[in-house]
file target_3.tsv (TSV, C-alpha atoms and all ligand atoms)
chain	number	residue	atom	x	y	z
A	1	MET	CA	-70.33	-61.10	-21.77
A	2	ARG	CA	-67.66	-61.63	-19.11
A	3	ASP	CA	-68.75	-61.58	-15.51
A	4	PRO	CA	-67.50	-58.92	-13.08
A	5	GLY	CA	-65.70	-61.61	-11.04
A	6	TRP	CA	-63.35	-62.27	-13.92
A	7	ARG	CA	-62.61	-58.59	-14.20
A	8	ALA	CA	-61.80	-58.31	-10.52
A	9	GLU	CA	-59.51	-61.33	-10.77
A	10	GLU	CA	-57.70	-59.87	-13.79
A	11	ALA	CA	-57.41	-56.50	-12.14
A	12	GLY	CA	-55.97	-58.21	-9.09
A	13	LYS	CA	-53.39	-60.00	-11.26
A	14	VAL	CA	-52.40	-56.77	-12.96
A	15	ALA	CA	-52.05	-55.03	-9.61
A	16	ARG	CA	-49.90	-57.89	-8.27
A	17	ARG	CA	-47.72	-57.83	-11.36
A	18	ALA	CA	-47.31	-54.06	-11.01
A	19	THR	CA	-46.36	-54.44	-7.36
A	20	GLU	CA	-43.87	-57.19	-8.17
A	21	TRP	CA	-42.40	-55.08	-10.93
A	22	ALA	CA	-42.07	-52.10	-8.61
A	23	GLU	CA	-40.48	-54.25	-5.91
A	24	THR	CA	-38.03	-55.79	-8.33
A	25	HIS	CA	-37.05	-52.43	-9.70
A	26	GLN	CA	-36.90	-50.88	-6.28
A	27	LYS	CA	-34.54	-53.64	-5.20
A	28	ARG	CA	-32.52	-53.23	-8.29
A	29	PHE	CA	-32.35	-49.50	-7.79
A	30	GLN	CA	-31.02	-50.00	-4.29
A	31	HIS	CA	-28.66	-52.73	-5.36
A	32	ASP	CA	-27.23	-50.67	-8.09
A	33	PHE	CA	-26.37	-47.69	-5.95
A	34	PRO	CA	-24.06	-48.71	-3.18
A	35	ALA	CA	-23.09	-45.80	-0.95
A	36	ILE	CA	-19.36	-45.87	-1.31
A	37	SER	CA	-17.35	-43.59	0.88
A	38	THR	CA	-13.70	-43.02	0.22
A	39	TYR	CA	-11.41	-41.48	2.78
A	40	LEU	CA	-9.53	-38.28	2.08
A	41	PRO	CA	-6.42	-39.58	0.36
A	42	VAL	CA	-4.48	-36.55	1.55
A	43	MET	CA	-4.68	-37.99	5.03
A	44	GLY	CA	-3.78	-41.56	4.19
A	45	GLU	CA	-1.21	-43.54	2.33
A	46	PRO	CA	-1.90	-45.16	-0.98
A	47	ASP	CA	-1.95	-48.88	-0.47
A	48	LEU	CA	-0.56	-51.18	-3.12
A	49	GLU	CA	-0.82	-54.17	-0.76
A	50	PHE	CA	-4.58	-53.68	-0.56
A	51	TYR	CA	-4.88	-53.78	-4.33
A	52	ASN	CA	-2.49	-56.71	-4.71
A	53	LYS	CA	-4.56	-58.66	-2.24
A	54	HIS	CA	-8.04	-57.81	-3.52
A	55	TYR	CA	-7.82	-56.91	-7.17
A	56	GLY	CA	-6.40	-58.27	-10.37
A	57	PHE	CA	-5.07	-55.57	-12.65
A	58	LEU	CA	-3.36	-54.90	-15.89
A	59	PRO	CA	-1.87	-51.46	-16.52
A	60	VAL	CA	-2.13	-50.30	-20.11
A	61	HIS	CA	0.32	-47.65	-21.27
A	62	LEU	CA	-0.43	-45.99	-24.55
A	63	THR	CA	2.92	-45.68	-26.22
A	64	GLY	CA	2.20	-44.37	-29.67
A	65	GLU	CA	1.32	-47.77	-31.08
A	66	ARG	CA	-2.15	-48.12	-32.54
A	67	MET	CA	-4.48	-50.38	-30.56
A	68	THR	CA	-8.18	-51.18	-30.67
A	69	VAL	CA	-10.65	-52.52	-28.14
A	70	GLY	CA	-13.79	-54.44	-29.08
A	71	ARG	CA	-14.82	-56.86	-31.77
A	72	ALA	CA	-15.08	-56.05	-35.45
A	73	HIS	CA	-17.55	-58.91	-36.13
A	74	PRO	CA	-20.31	-58.60	-35.28
A	75	ARG	CA	-19.97	-54.88	-34.79
A	76	ARG	CA	-22.27	-53.80	-32.02
A	77	CYS	CA	-22.37	-50.59	-29.98
A	78	ARG	CA	-21.72	-51.26	-26.31
A	79	PHE	CA	-23.41	-48.01	-25.26
A	80	CYS	CA	-26.78	-48.16	-27.04
A	81	GLY	CA	-26.78	-51.89	-27.81
A	82	LYS	CA	-27.53	-51.32	-31.50
A	83	GLN	CA	-25.78	-52.73	-34.52
A	84	GLY	CA	-25.81	-52.02	-38.23
A	85	PRO	CA	-27.84	-51.04	-40.15
A	86	ASP	CA	-29.57	-49.25	-37.23
A	87	VAL	CA	-26.35	-47.41	-36.43
A	88	THR	CA	-23.15	-46.63	-38.35
A	89	PHE	CA	-19.50	-47.00	-37.39
A	90	LEU	CA	-17.93	-44.61	-39.88
A	91	LYS	CA	-15.98	-42.47	-37.43
A	92	GLU	CA	-13.02	-43.69	-35.43
A	93	ALA	CA	-14.13	-43.60	-31.81
A	94	HIS	CA	-11.40	-42.91	-29.26
A	95	ALA	CA	-11.62	-45.35	-26.34
A	96	LEU	CA	-10.25	-42.58	-24.10
A	97	PRO	CA	-10.88	-38.99	-25.18
A	98	GLU	CA	-8.29	-37.41	-27.39
A	99	MET	CA	-8.02	-34.51	-24.95
A	100	VAL	CA	-6.22	-36.70	-22.38
A	101	GLY	CA	-3.53	-37.26	-24.99
A	102	ASN	CA	-4.92	-40.47	-26.52
A	103	LYS	CA	-3.98	-40.64	-30.17
A	104	THR	CA	-3.75	-44.40	-30.51
A	105	LEU	CA	-6.43	-46.33	-28.61
A	106	PHE	CA	-9.65	-46.75	-30.58
A	107	SER	CA	-12.91	-48.48	-29.84
A	108	LEU	CA	-14.78	-50.74	-32.23
A	109	HIS	CA	-17.87	-50.81	-30.03
A	110	GLU	CA	-18.99	-47.19	-30.08
A	111	CYS	CA	-21.37	-46.14	-32.83
A	112	ASP	CA	-21.31	-42.73	-34.53
A	113	ALA	CA	-24.48	-41.57	-32.75
A	114	CYS	CA	-23.12	-42.41	-29.28
A	115	ASN	CA	-19.75	-40.92	-30.19
A	116	GLU	CA	-21.41	-37.67	-31.19
A	117	LEU	CA	-23.69	-37.67	-28.14
A	118	PHE	CA	-20.82	-38.21	-25.68
A	119	GLY	CA	-18.68	-35.64	-27.47
A	120	ARG	CA	-21.16	-32.85	-26.88
A	121	THR	CA	-22.27	-33.91	-23.41
A	122	ILE	CA	-20.04	-35.77	-20.97
A	123	GLU	CA	-16.74	-35.21	-22.79
A	124	TYR	CA	-17.53	-31.52	-23.12
A	125	HIS	CA	-17.97	-31.24	-19.35
A	126	PHE	CA	-14.91	-33.37	-18.66
A	127	GLY	CA	-12.99	-31.05	-20.97
A	128	ARG	CA	-14.03	-28.02	-18.99
A	129	TRP	CA	-13.34	-29.69	-15.66
A	130	THR	CA	-9.80	-30.50	-16.83
A	131	GLY	CA	-9.20	-27.51	-19.10
A	132	PHE	CA	-6.77	-25.71	-16.85
A	133	GLN	CA	-4.88	-28.86	-16.00
A	134	ARG	CA	-4.54	-29.75	-19.66
A	135	THR	CA	-2.95	-26.39	-20.32
A	136	THR	CA	-0.59	-26.61	-17.41
A	137	SER	CA	0.24	-30.29	-18.01
A	138	ALA	CA	1.01	-29.81	-21.69
A	139	VAL	CA	-1.28	-32.61	-22.82
A	140	THR	CA	-1.77	-32.65	-26.56
A	141	GLY	CA	-5.41	-32.88	-27.58
A	142	LYS	CA	-7.20	-32.62	-30.90
A	143	ASN	CA	-6.13	-29.03	-31.52
A	144	GLY	CA	-2.69	-29.27	-29.98
A	145	VAL	CA	-1.92	-28.18	-26.44
A	146	PRO	CA	-4.41	-25.66	-25.14
A	147	GLN	CA	-2.03	-22.69	-25.10
A	148	TYR	CA	-2.10	-20.43	-22.13
A	149	GLN	CA	-2.37	-16.79	-23.03
A	150	SER	CA	-3.56	-14.07	-20.71
A	151	LYS	CA	-6.33	-11.84	-21.99
A	152	ASP	CA	-3.98	-8.89	-22.57
A	153	GLY	CA	-1.37	-11.09	-24.29
A	154	ASN	CA	1.28	-10.22	-21.71
A	155	VAL	CA	1.72	-13.81	-20.63
A	156	GLN	CA	2.25	-16.54	-23.15
A	157	TRP	CA	3.55	-19.97	-22.90
A	158	ASP	CA	4.69	-22.54	-25.29
A	159	VAL	CA	5.44	-26.12	-24.61
A	160	GLY	CA	8.21	-27.98	-26.35
A	161	ALA	CA	9.32	-31.58	-25.98
A	162	GLU	CA	11.53	-30.80	-23.00
A	163	GLY	CA	9.62	-28.20	-21.07
A	164	ALA	CA	7.62	-25.05	-20.96
A	165	ASN	CA	8.88	-21.69	-22.07
A	166	ILE	CA	6.94	-18.87	-20.49
A	167	VAL	CA	7.20	-15.32	-21.76
A	168	PHE	CA	6.02	-12.33	-19.70
A	169	LYS	CA	5.69	-8.79	-20.94
A	170	GLY	CA	4.75	-5.70	-18.95
A	171	ASP	CA	1.80	-6.23	-16.63
A	172	ILE	CA	1.58	-9.93	-15.94
A	173	GLY	CA	-1.70	-9.82	-14.04
A	174	PRO	CA	-2.49	-13.19	-12.40
A	175	VAL	CA	1.06	-14.49	-12.80
A	176	LYS	CA	3.40	-14.19	-9.85
A	177	VAL	CA	7.11	-14.54	-10.43
A	178	ASP	CA	9.52	-15.25	-7.59
A	179	VAL	CA	12.89	-14.64	-9.26
A	180	GLU	CA	14.99	-15.64	-6.24
A	181	GLY	CA	13.14	-18.90	-5.71
A	182	ARG	CA	12.76	-19.45	-9.49
A	183	LYS	CA	9.04	-20.02	-9.04
A	184	VAL	CA	6.20	-18.96	-11.28
A	185	THR	CA	2.59	-19.16	-10.17
A	186	ILE	CA	-0.08	-19.01	-12.82
A	187	SER	CA	-3.82	-18.62	-12.33
A	188	GLY	CA	-6.37	-19.63	-14.89
A	189	GLU	CA	-10.13	-19.83	-15.13
A	190	VAL	CA	-12.06	-23.06	-15.12
A	191	GLN	CA	-15.18	-22.56	-17.21
A	192	PRO	CA	-18.57	-23.75	-15.86
A	193	TYR	CA	-19.27	-27.48	-16.10
A	194	ILE	CA	-21.63	-30.04	-14.60
A	195	PRO	CA	-19.56	-32.13	-12.19
A	196	ARG	CA	-21.63	-35.28	-12.57
A	197	PHE	CA	-21.19	-35.22	-16.33
A	198	ALA	CA	-17.42	-35.00	-15.91
A	199	TYR	CA	-17.69	-38.02	-13.62
A	200	LYS	CA	-19.81	-39.85	-16.19
A	201	CYS	CA	-17.02	-39.33	-18.68
A	202	LEU	CA	-14.61	-41.27	-16.44
A	203	VAL	CA	-17.21	-44.06	-16.12
A	204	LYS	CA	-17.60	-44.07	-19.89
A	205	MET	CA	-13.84	-44.46	-20.36
A	206	ALA	CA	-13.80	-47.39	-17.93
A	207	LEU	CA	-16.70	-49.10	-19.70
A	208	SER	CA	-15.02	-48.54	-23.06
A	209	VAL	CA	-12.00	-50.59	-22.08
A	210	MET	CA	-13.75	-53.17	-19.90
A	211	PRO	CA	-13.44	-56.82	-21.03
A	212	GLU	CA	-16.50	-58.02	-22.90
A	213	GLU	CA	-17.33	-60.74	-20.37
A	214	ASP	CA	-18.01	-58.19	-17.60
A	215	VAL	CA	-19.96	-55.57	-19.52
A	216	ALA	CA	-23.32	-57.23	-18.87
A	217	HIS	CA	-22.90	-56.64	-15.12
A	218	PHE	CA	-23.01	-52.90	-15.81
A	219	ALA	CA	-26.19	-52.93	-17.91
A	220	TYR	CA	-27.73	-50.16	-15.82
A	221	ALA	CA	-24.81	-47.81	-16.45
A	222	PHE	CA	-25.32	-47.47	-20.20
A	223	PRO	CA	-28.70	-45.70	-20.30
A	224	TRP	CA	-27.49	-43.55	-17.40
A	225	LEU	CA	-24.44	-42.48	-19.44
A	226	ARG	CA	-26.66	-41.63	-22.39
A	227	GLU	CA	-29.11	-39.55	-20.34
A	228	VAL	CA	-28.27	-35.97	-21.21
A	229	ASP	CA	-30.94	-34.20	-19.17
A	230	PRO	CA	-29.57	-33.49	-15.67
A	231	ALA	CA	-33.17	-33.16	-14.40
A	232	LYS	CA	-33.78	-36.84	-15.21
A	233	ASP	CA	-30.74	-38.04	-13.29
A	234	ARG	CA	-32.23	-38.47	-9.86
A	235	HIS	CA	-29.68	-40.88	-8.45
A	236	PRO	CA	-28.84	-39.88	-4.91
A	237	GLY	CA	-25.23	-40.87	-5.42
A	238	GLY	CA	-22.73	-41.36	-2.67
A	239	PHE	CA	-20.32	-42.92	-5.09
A	240	PHE	CA	-19.39	-39.95	-7.26
A	241	ARG	CA	-15.95	-39.70	-5.71
A	242	VAL	CA	-12.77	-39.22	-7.66
A	243	MET	CA	-9.45	-39.82	-5.95
A	244	GLN	CA	-6.92	-37.54	-7.51
A	245	SER	CA	-3.20	-37.04	-7.56
A	246	PHE	CA	-0.85	-34.42	-8.89
A	247	THR	CA	2.76	-35.40	-9.59
A	248	ASN	CA	5.18	-32.52	-9.98
A	249	GLY	CA	7.67	-32.05	-12.79
A	250	PHE	CA	7.29	-31.79	-16.53
A	251	LYS	CA	4.75	-34.26	-17.91
A	252	PRO	CA	5.42	-37.25	-15.64
A	253	PHE	CA	2.81	-39.27	-17.54
A	254	ARG	CA	4.08	-38.63	-21.00
A	255	TRP	CA	1.55	-41.11	-22.40
A	256	PRO	CA	-1.88	-41.62	-20.93
A	257	THR	CA	-2.03	-44.77	-18.84
A	258	TYR	CA	-5.04	-46.56	-17.47
A	259	ILE	CA	-5.47	-49.40	-15.03
A	260	LEU	CA	-8.64	-51.42	-14.75
A	261	LEU	CA	-8.88	-53.23	-11.42
A	262	ARG	CA	-11.24	-56.18	-11.02
A	263	ARG	CA	-12.15	-57.71	-7.66
A	264	LYS	CA	-10.64	-61.19	-7.24
A	265	ASN	CA	-13.22	-62.53	-4.79
A	266	ASP	CA	-16.83	-61.48	-5.29
A	267	GLY	CA	-17.60	-62.08	-1.61
A	268	ASP	CA	-15.21	-59.28	-0.56
A	269	GLU	CA	-16.85	-56.10	0.67
A	270	ILE	CA	-15.20	-53.84	-1.85
A	271	PRO	CA	-16.48	-52.62	-5.22
A	272	HIS	CA	-16.37	-54.91	-8.23
A	273	TYR	CA	-14.28	-52.60	-10.39
A	274	SER	CA	-12.05	-49.58	-10.15
A	275	PHE	CA	-10.52	-47.48	-12.93
A	276	VAL	CA	-7.41	-45.33	-12.75
A	277	LEU	CA	-6.40	-42.89	-15.45
A	278	ALA	CA	-3.06	-41.06	-15.37
A	279	TRP	CA	-2.12	-38.37	-17.86
A	280	GLY	CA	0.06	-35.27	-17.84
A	281	ASN	CA	0.63	-34.47	-14.17
A	282	TYR	CA	-2.66	-35.91	-12.91
A	283	SER	CA	-4.36	-39.18	-12.06
A	284	HIS	CA	-8.02	-39.89	-11.34
A	285	GLN	CA	-9.40	-43.03	-9.74
A	286	ILE	CA	-13.05	-44.04	-9.55
A	287	PHE	CA	-15.00	-47.10	-8.40
A	288	ILE	CA	-17.30	-47.95	-11.26
A	289	PRO	CA	-20.95	-47.70	-10.16
A	290	PHE	CA	-23.91	-49.93	-11.05
A	291	SER	CA	-22.30	-53.36	-11.02
A	292	ALA	CA	-24.96	-56.02	-10.50
A	293	LYS	CA	-22.24	-57.88	-8.58
A	294	ASP	CA	-22.15	-55.13	-5.92
A	295	ALA	CA	-25.58	-55.98	-4.51
A	296	HIS	CA	-24.05	-56.97	-1.15
A	297	LEU	CA	-22.57	-53.45	-0.80
A	298	ARG	CA	-25.93	-51.70	-0.79
A	299	GLY	CA	-25.99	-48.88	1.71
A	300	ARG	CA	-22.52	-49.70	3.07
A	301	GLN	CA	-19.92	-47.12	3.90
A	302	ILE	CA	-16.61	-48.43	2.64
A	303	THR	CA	-13.18	-47.01	3.25
A	304	LEU	CA	-10.92	-47.43	0.27
A	305	PRO	CA	-7.31	-46.38	-0.15
A	306	PRO	CA	-6.11	-44.79	-3.36
A	307	PHE	CA	-4.13	-46.84	-5.84
A	308	PRO	CA	-0.53	-45.57	-5.83
A	309	ASN	CA	0.82	-43.98	-8.96
A	310	LEU	CA	4.14	-44.77	-10.63
A	311	TYR	CA	6.00	-41.99	-8.83
A	312	GLU	CA	4.77	-42.60	-5.32
A	313	SER	CA	8.11	-43.99	-4.15
A	314	ASP	CA	10.29	-41.79	-6.34
A	315	PRO	CA	12.26	-39.45	-4.04
A	316	ALA	CA	12.74	-36.98	-6.90
A	317	ARG	CA	8.98	-36.46	-7.24
A	318	LYS	CA	6.30	-35.05	-5.04
A	319	VAL	CA	2.83	-36.56	-5.27
A	320	THR	CA	-0.06	-34.55	-3.85
A	321	ARG	CA	-3.39	-36.28	-3.22
A	322	TRP	CA	-6.97	-35.22	-2.60
A	323	ASP	CA	-10.43	-36.36	-3.53
A	324	ASP	CA	-13.37	-34.64	-5.18
A	325	ASP	CA	-17.09	-35.33	-5.04
A	326	LEU	CA	-18.43	-34.87	-8.56
A	327	GLY	CA	-22.02	-35.70	-7.65
A	328	SER	CA	-23.48	-32.26	-8.24
A	329	LEU	CA	-25.82	-31.71	-11.17
A	330	GLU	CA	-25.59	-27.93	-10.80
A	331	LYS	CA	-23.40	-26.13	-13.26
A	332	THR	CA	-20.35	-24.70	-11.48
A	333	GLU	CA	-19.40	-21.02	-11.38
A	334	VAL	CA	-16.26	-19.85	-13.13
A	335	LYS	CA	-13.44	-20.90	-10.80
A	336	VAL	CA	-9.86	-19.68	-10.59
A	337	GLN	CA	-7.16	-22.31	-10.21
A	338	THR	CA	-3.49	-21.76	-9.64
A	339	VAL	CA	-0.41	-23.82	-10.29
A	340	THR	CA	3.20	-23.13	-9.28
A	341	TYR	CA	6.18	-24.03	-11.43
A	342	HIS	CA	9.81	-24.25	-10.53
A	343	MET	CA	11.79	-22.80	-13.40
A	344	ASP	CA	15.27	-23.89	-14.42
A	345	SER	CA	16.02	-20.27	-15.17
A	346	ILE	CA	14.31	-16.93	-15.32
A	347	VAL	CA	15.86	-14.52	-17.83
A	348	GLU	CA	15.04	-10.83	-18.12
A	349	LYS	CA	15.21	-9.36	-21.60
A	350	PRO	CA	14.39	-5.93	-23.04
A	351	ILE	CA	11.07	-5.94	-24.89
A	352	THR	CA	11.62	-6.07	-28.63
A	353	PRO	CA	9.29	-4.05	-30.87
A	354	ALA	CA	6.31	-5.96	-32.24
A	355	PRO	CA	6.92	-7.48	-35.68
A	356	GLU	CA	5.40	-5.80	-38.73
A	357	THR	CA	3.50	-8.89	-39.80
A	358	PRO	CA	0.84	-10.27	-37.49
A	359	LEU	CA	1.65	-13.49	-35.68
A	360	GLU	CA	0.08	-16.73	-36.82
A	361	PRO	CA	-3.18	-17.28	-35.03
A	362	ARG	CA	-2.98	-19.92	-32.34
A	363	GLY	CA	-5.09	-23.01	-32.82
A	401	ZN	ZN	-24.40	-46.46	-29.86

call {"tool": "encode", "arguments": {"input": "target_3.tsv", "output": "structure tokens"}}
result
Amino acid sequence: MRDPGWRAEEAGKVARRATEWAETHQKRFQHDFPAISTYLPVMGEPDLEFYNKHYGFLPVHLTGERMTVGRAHPRRCRFCGKQGPDVTFLKEAHALPEMVGNKTLFSLHECDACNELFGRTIEYHFGRWTGFQRTTSAVTGKNGVPQYQSKDGNVQWDVGAEGANIVFKGDIGPVKVDVEGRKVTISGEVQPYIPRFAYKCLVKMALSVMPEEDVAHFAYAFPWLREVDPAKDRHPGGFFRVMQSFTNGFKPFRWPTYILLRRKNDGDEIPHYSFVLAWGNYSHQIFIPFSAKDAHLRGRQITLPPFPNLYESDPARKVTRWDDDLGSLEKTEVKVQTVTYHMDSIVEKPITPAPETPLEPRG
């Protein structure tokens, strides 16, 4: 029979180990969640010099040529860490979602289970967050461009290679037409979404295209991406900022483009990685959370300029900037967004009688 002293000693050891574990994890928790504050880009200038000085970057334009990221052998899922035969890789996983216009960049390191999970969670919410902008930017997703059609069918628009053709009949409801100024303003509804899940989708894209050698620094991000219960995501945040831009004109980013920016000097008081995605008329920039190399940024408030987009110095274009906090875990209400178009021409025509045969359903 063991004496009570031994038990007390063991119990003491267990308690110490538990305390150490808690301290380690507490530290890690704090280290992994730097409070990053970005200034309102609307009020400041994008700063290429800043990025040239502090970050190394390689822009990747998807140009219709098929490309893959990741290793085929051994085939291992970056998101859940599993490999065959525990998981399968039968489906082609898009490294960036198809809905941003990606038809050509595929990932070898995303298993079917993770692909399916992300499709119905974070990509679903990203899709809703960007639904109206996809329509108005004419970005071609899985089912073609999301066509705009008002509920009564009096406003329809079709997008060709060279521009949008908008047809109005009778009562045009939320659409305002300024014939003199050749302007058309369209309102559309943004369906409810969870902002933080839309943000997670941007993080997921960044981690999909990140070089293998840096993935281990973001180990904490992967289970967080896969957590689908908002109630279990208790991270206080501070970093869920997205710097956005809108560039006018028809489809300025004809192909989706992304830029991954990696800090040159790890001693610098700026985040380890940033990710910029440009597609259609929009760009989004985030600073990727959870890098183990950002421990020195814990609790810091950091002012960061936006990365300029391609058209920033183009006098023929107008770039509008703002930033959004996507930290909320509450589902949004239905929101109305508007966008104004300058038309090359507005033509009035008499309404022709409806055809005998029904129109093809839109897909
Ligand atoms: Zn997986």

call {"tool": "residues_around", "arguments": {"input": "target_3.tsv", "residues": "segment 219-231 of chain A", "least_positions_apart": "4", "cutoff": "7 Å", "atoms": "all atoms listed in the file", "output": "list of chain:residue names"}}
result
A:Phe79, A:Thr121, A:Lys200, A:Val215, A:Phe290, A:Leu329

call {"tool": "closest_atom_pairs", "arguments": {"input": "target_3.tsv", "of": "chain A", "to": "ligand ZN 401 (chain A)", "cutoff": "8 Å", "atoms": "all atoms listed in the file", "output": "tab-separated table"}}
result
residue	atom	partner	partner_atom	distance
A:Arg76	CA	A:ZN401	ZN	7.9
A:Cys77	CA	A:ZN401	ZN	4.6
A:Arg78	CA	A:ZN401	ZN	6.5
A:Phe79	CA	A:ZN401	ZN	5.0
A:Cys80	CA	A:ZN401	ZN	4.1
A:Gly81	CA	A:ZN401	ZN	6.3
A:Lys82	CA	A:ZN401	ZN	6.0
A:Gln83	CA	A:ZN401	ZN	7.9
A:Val87	CA	A:ZN401	ZN	6.9
A:His109	CA	A:ZN401	ZN	7.8
A:Glu110	CA	A:ZN401	ZN	5.5
A:Cys111	CA	A:ZN401	ZN	4.3
A:Asp112	CA	A:ZN401	ZN	6.7
A:Ala113	CA	A:ZN401	ZN	5.7
A:Cys114	CA	A:ZN401	ZN	4.3
A:Asn115	CA	A:ZN401	ZN	7.2

call {"tool": "residues_around", "arguments": {"input": "target_3.tsv", "residues": "Gly64 of chain A", "least_positions_apart": "4", "cutoff": "12 Å", "atoms": "all atoms listed in the file", "output": "VMD selection string"}}
result
chain A and resid 101 to 105 254 to 257

call {"tool": "closest_residue", "arguments": {"input": "target_3.tsv", "among": "A:Asn265, A:Thr185, A:Thr247, A:Asn281", "to": "Ser313 of chain A", "atoms": "only C-alpha atoms"}}
result
A:Thr247

call {"tool": "residues_near_point", "arguments": {"input": "target_3.tsv", "point": "(-16.3, -37.0, -19.8)", "cutoff": "12 Å", "atoms": "all atoms listed in the file", "output": "PDB file with C-alpha atoms, in the coordinates of the input"}}
result
ATOM      1  CA  ALA A  95     -11.620 -45.350 -26.340  1.00  0.00           C
ATOM      2  CA  LEU A  96     -10.250 -42.580 -24.100  1.00  0.00           C
ATOM      3  CA  PRO A  97     -10.880 -38.990 -25.180  1.00  0.00           C
ATOM      4  CA  GLU A  98      -8.290 -37.410 -27.390  1.00  0.00           C
ATOM      5  CA  MET A  99      -8.020 -34.510 -24.950  1.00  0.00           C
ATOM      6  CA  VAL A 100      -6.220 -36.700 -22.380  1.00  0.00           C
ATOM      7  CA  ASN A 115     -19.750 -40.920 -30.190  1.00  0.00           C
ATOM      8  CA  LEU A 117     -23.690 -37.670 -28.140  1.00  0.00           C
ATOM      9  CA  PHE A 118     -20.820 -38.210 -25.680  1.00  0.00           C
ATOM     10  CA  GLY A 119     -18.680 -35.640 -27.470  1.00  0.00           C
ATOM     11  CA  ARG A 120     -21.160 -32.850 -26.880  1.00  0.00           C
ATOM     12  CA  THR A 121     -22.270 -33.910 -23.410  1.00  0.00           C
ATOM     13  CA  ILE A 122     -20.040 -35.770 -20.970  1.00  0.00           C
ATOM     14  CA  GLU A 123     -16.740 -35.210 -22.790  1.00  0.00           C
ATOM     15  CA  TYR A 124     -17.530 -31.520 -23.120  1.00  0.00           C
ATOM     16  CA  HIS A 125     -17.970 -31.240 -19.350  1.00  0.00           C
ATOM     17  CA  PHE A 126     -14.910 -33.370 -18.660  1.00  0.00           C
ATOM     18  CA  GLY A 127     -12.990 -31.050 -20.970  1.00  0.00           C
ATOM     19  CA  ARG A 128     -14.030 -28.020 -18.990  1.00  0.00           C
ATOM     20  CA  TRP A 129     -13.340 -29.690 -15.660  1.00  0.00           C
ATOM     21  CA  THR A 130      -9.800 -30.500 -16.830  1.00  0.00           C
ATOM     22  CA  GLY A 131      -9.200 -27.510 -19.100  1.00  0.00           C
ATOM     23  CA  TYR A 193     -19.270 -27.480 -16.100  1.00  0.00           C
ATOM     24  CA  ILE A 194     -21.630 -30.040 -14.600  1.00  0.00           C
ATOM     25  CA  PRO A 195     -19.560 -32.130 -12.190  1.00  0.00           C
ATOM     26  CA  ARG A 196     -21.630 -35.280 -12.570  1.00  0.00           C
ATOM     27  CA  PHE A 197     -21.190 -35.220 -16.330  1.00  0.00           C
ATOM     28  CA  ALA A 198     -17.420 -35.000 -15.910  1.00  0.00           C
ATOM     29  CA  TYR A 199     -17.690 -38.020 -13.620  1.00  0.00           C
ATOM     30  CA  LYS A 200     -19.810 -39.850 -16.190  1.00  0.00           C
ATOM     31  CA  CYS A 201     -17.020 -39.330 -18.680  1.00  0.00           C
ATOM     32  CA  LEU A 202     -14.610 -41.270 -16.440  1.00  0.00           C
ATOM     33  CA  VAL A 203     -17.210 -44.060 -16.120  1.00  0.00           C
ATOM     34  CA  LYS A 204     -17.600 -44.070 -19.890  1.00  0.00           C
ATOM     35  CA  MET A 205     -13.840 -44.460 -20.360  1.00  0.00           C
ATOM     36  CA  ALA A 206     -13.800 -47.390 -17.930  1.00  0.00           C
ATOM     37  CA  LEU A 225     -24.440 -42.480 -19.440  1.00  0.00           C
ATOM     38  CA  ARG A 226     -26.660 -41.630 -22.390  1.00  0.00           C
ATOM     39  CA  LEU A 326     -18.430 -34.870  -8.560  1.00  0.00           C
TER      40      LEU A 326
END

call {"tool": "residues_around", "arguments": {"input": "target_3.tsv", "residues": "Val184 of chain A", "least_positions_apart": "2", "cutoff": "10 Å", "atoms": "all atoms listed in the file", "output": "ChimeraX atom specification"}}
result
/A:166,175-179,181-182,186,339-343,346

call {"tool": "write_last_selection", "arguments": {"input": "target_3.tsv", "atoms": "C-alpha atoms", "output": "PDB file, keeping the file's coordinate frame"}}
result
ATOM      1  CA  ILE A 166       6.940 -18.870 -20.490  1.00  0.00           C
ATOM      2  CA  VAL A 175       1.060 -14.490 -12.800  1.00  0.00           C
ATOM      3  CA  LYS A 176       3.400 -14.190  -9.850  1.00  0.00           C
ATOM      4  CA  VAL A 177       7.110 -14.540 -10.430  1.00  0.00           C
ATOM      5  CA  ASP A 178       9.520 -15.250  -7.590  1.00  0.00           C
ATOM      6  CA  VAL A 179      12.890 -14.640  -9.260  1.00  0.00           C
ATOM      7  CA  GLY A 181      13.140 -18.900  -5.710  1.00  0.00           C
ATOM      8  CA  ARG A 182      12.760 -19.450  -9.490  1.00  0.00           C
ATOM      9  CA  ILE A 186      -0.080 -19.010 -12.820  1.00  0.00           C
ATOM     10  CA  VAL A 339      -0.410 -23.820 -10.290  1.00  0.00           C
ATOM     11  CA  THR A 340       3.200 -23.130  -9.280  1.00  0.00           C
ATOM     12  CA  TYR A 341       6.180 -24.030 -11.430  1.00  0.00           C
ATOM     13  CA  HIS A 342       9.810 -24.250 -10.530  1.00  0.00           C
ATOM     14  CA  MET A 343      11.790 -22.800 -13.400  1.00  0.00           C
ATOM     15  CA  ILE A 346      14.310 -16.930 -15.320  1.00  0.00           C
TER      16      ILE A 346
END

call {"tool": "atom_distance", "arguments": {"input": "target_3.tsv", "atom1": "atom CA of Glu92 of chain A", "atom2": "atom CA of Leu260 of chain A"}}
result
22.5 Å

call {"tool": "atom_distance", "arguments": {"input": "target_3.tsv", "atom1": "atom CA of Tyr51 of chain A", "atom2": "atom CA of Met210 of chain A"}}
result
17.9 Å

call {"tool": "closest_residue", "arguments": {"input": "target_3.tsv", "among": "A:Tyr273, A:Phe50, A:Phe132, A:Phe106", "to": "Asp214 of chain A", "atoms": "all atoms listed in the file"}}
result
A:Tyr273

call {"tool": "atom_distance", "arguments": {"input": "target_3.tsv", "atom1": "atom CA of Ala278 of chain A", "atom2": "atom CA of Leu207 of chain A"}}
result
16.4 Å
